[in-house]
Structures are given as structure tokens and as C-alpha cells.
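Notes follow the structure.
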Amino acid sequence: SEIMFVIESGNFNDGFEIDPQTGQIRTANSLDRDSPSGPVLSLVVAARDGGTPQLQDQVTVTVLLSDINDNPPMFASDPIVGSVSEGVSSNTEVLVLQANDPDEGINASVVYSLIAGDKALFSLDMITGRIRTLAV
């Protein structure tokens with residue numbers, strides 16, 4: 001007797017399709033690990049025979065979505081304002097930048113750089129985001 005495969009539940013936003021004859025599961029729409037359904041998706045798949053009475057079995061298929069670098073880092077506010085007193089010594093801390101990236105792993109790493117402004121007056125630690133005065 002011929003077996004037919006169907007996705008019974010867990011197919012949020014119709015992200016997957018199943019070949020009813022072979023049971024091969026593939027993506028039908030783009031999947032986003034940052035969506036409310038999260039990075040772990042569980043599909044309940046049934047295999048049904050064509051007999052009378054019709055019999056079936058079910059299995060839970062777990063799909064783990066790996067992260068891609070699809071979110072930019074974001075500063076908590078814009079603009080960010082720091083201040084120092086006139087005549088401060090070299091290497092005085094002005095402020096520490098803080099940006100967050102909702103991606104995971106290496107994709108969440110943030111590196112800071114000065115791209116405009118008074119580069120001759122300030123140094124920026126590309127890892128910590130710490131801005132300090134330079135000797136003038």
C-alpha cells in the first residue's frame with residue numbers, strides 16, 4: 001500500500017513543504033531565526049497508509065536555524081554626547097560607545113571606528129568603544 005506524508009503541525013508561516021510521496025521536506029518560504037518562532041522549529045509529520053482502516057504514525061522533526069549576519073549593530077541613542085574639560089591631559093577618557101547586534105556568535109561582534117570628525121584629537125579603541133583624548 002502507498003504511504004502519504006503530510007505536515008500535521010508546526011509549519012508556521014508555511015515555511016516548509018513536504019513531498020507527499022517521498023516525505024522529503026524543503027523550505028517553501030524564507031525562514032528567520034530572529035522571528036517569534038525562534039531558531040528551533042518543530043514540525044509534526046505524519047505518514048499514512050492507503051489501507052482500510054487508514055493507519056498512520058507521527059514523528060517530530062526538529063529544524064535548527066543557523067544565524068546569518070542579517071541585523072546591523074545599533075547604538076542606544078543618536079547623537080551620543082561626551083564632554084571633557086579644556087586642557088585635560090592626553091589619554092583622558094571621554095566616553096565609551098555601546099552598540100548591540102541581535103545576531104549571534106561572530107555575527108554579533110561589534111567593531112568601532114572613527115569615520116569622520118576630529119580624528120587628530122581623539123583615539124577610539126575598536127574593541128571596547130572607549131574614546132580618549134590624544135596629545136595635541
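Going through the C-alpha cells in order, the chains are called A, B, and so on, while each chain numbers its residues from 1 and the ligands are numbered from 1 in the order shown.
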
Neighbours of Arg130 (chain A) within 7 Å (only C-alpha atoms; same-chain residues fewer than 4 positions away dropped), as a list in words?
->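 Here the answer would be Leu95, Val96, Leu97, Leu124 and Asp125 of chain A.
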
Per residue of region 29-49 of chain A within 12 Å of region 100-119 of chain A, what are the shortest atom pair and its distance in Å to one decimal, counting only C-alpha atoms, with rows by chain and residue number, as a tab-separated table?
residue	atom	partner	partner_atom	distance
A:Asp32	CA	A:Asp103	CA	11.2
A:Arg33	CA	A:Asp103	CA	9.3
A:Asp34	CA	A:Asp103	CA	8.0
A:Ser35	CA	A:Pro102	CA	11.6
A:Pro39	CA	A:Glu104	CA	10.9

Record the distance separating CA of Ala120 (chain A) and CA of Pro72 (chain A), expressed in Å with one decimal.
->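 CA of Pro72 (chain A) lies at a distance of 27.8 Å from CA of Ala120 (chain A).
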
Please provide the set of residues having any atom within 8 Å of Thr22 (chain A), restricted to only C-alpha atoms, with same-chain residues fewer than 2 positions apart removed, written as a VMD selection string.
-> chain A and resid 4 to 5 19 to 20 24

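Once region 25-30 of chain A and its same-chain neighbours fewer than 4 positions away are set aside, Asn13, Asp14, Gly15, Phe16, Glu17, Ile18 and Asp19 of chain A remain within 8 Å of it when counting only C-alpha atoms.
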
Would you mind listing what lies within 7 Å of region 76-93 of chain A as a PyMOL selection string, with only C-alpha atoms counted and same-chain residues fewer than 2 positions away left out?
-> chain A and resi 74+95+99+131-135

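Within chain A, DSSP run on the backbone puts these residues in helix (DSSP H, G or I): Phe12, Asn13, Asp14, Gly105, Ile106, Asn107 and Ala108 of chain A.
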
Atoms kept (C-alpha atoms) for selection, written as a PDB file, in the first residue's frame:
ATOM      1  CA  PHE A  12       4.364  28.440  10.908  1.00  0.00           C
ATOM      2  CA  ASN A  13       4.007  30.879   8.007  1.00  0.00           C
ATOM      3  CA  ASP A  14       4.081  27.877   5.650  1.00  0.00           C
ATOM      4  CA  GLY A 105      28.241  34.464  17.676  1.00  0.00           C
ATOM      5  CA  ILE A 106      30.698  36.181  15.361  1.00  0.00           C
ATOM      6  CA  ASN A 107      27.769  37.916  13.639  1.00  0.00           C
ATOM      7  CA  ALA A 108      27.057  39.809  16.877  1.00  0.00           C
TER       8      ALA A 108
END

Tell me which of A:Asn11, A:Gln21, A:Ser123, A:Thr62 sits closest to Arg48 (chain A), counting only C-alpha atoms.
-> A:Gln21

Using only C-alpha atoms, pick whichever of A:Leu31, A:Asn71, A:Gly23, A:Val94 has the shortest atom-to-atom distance to Val59 (chain A).
->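 Answer, going by the shortest atom-to-atom distance: A:Gly23.
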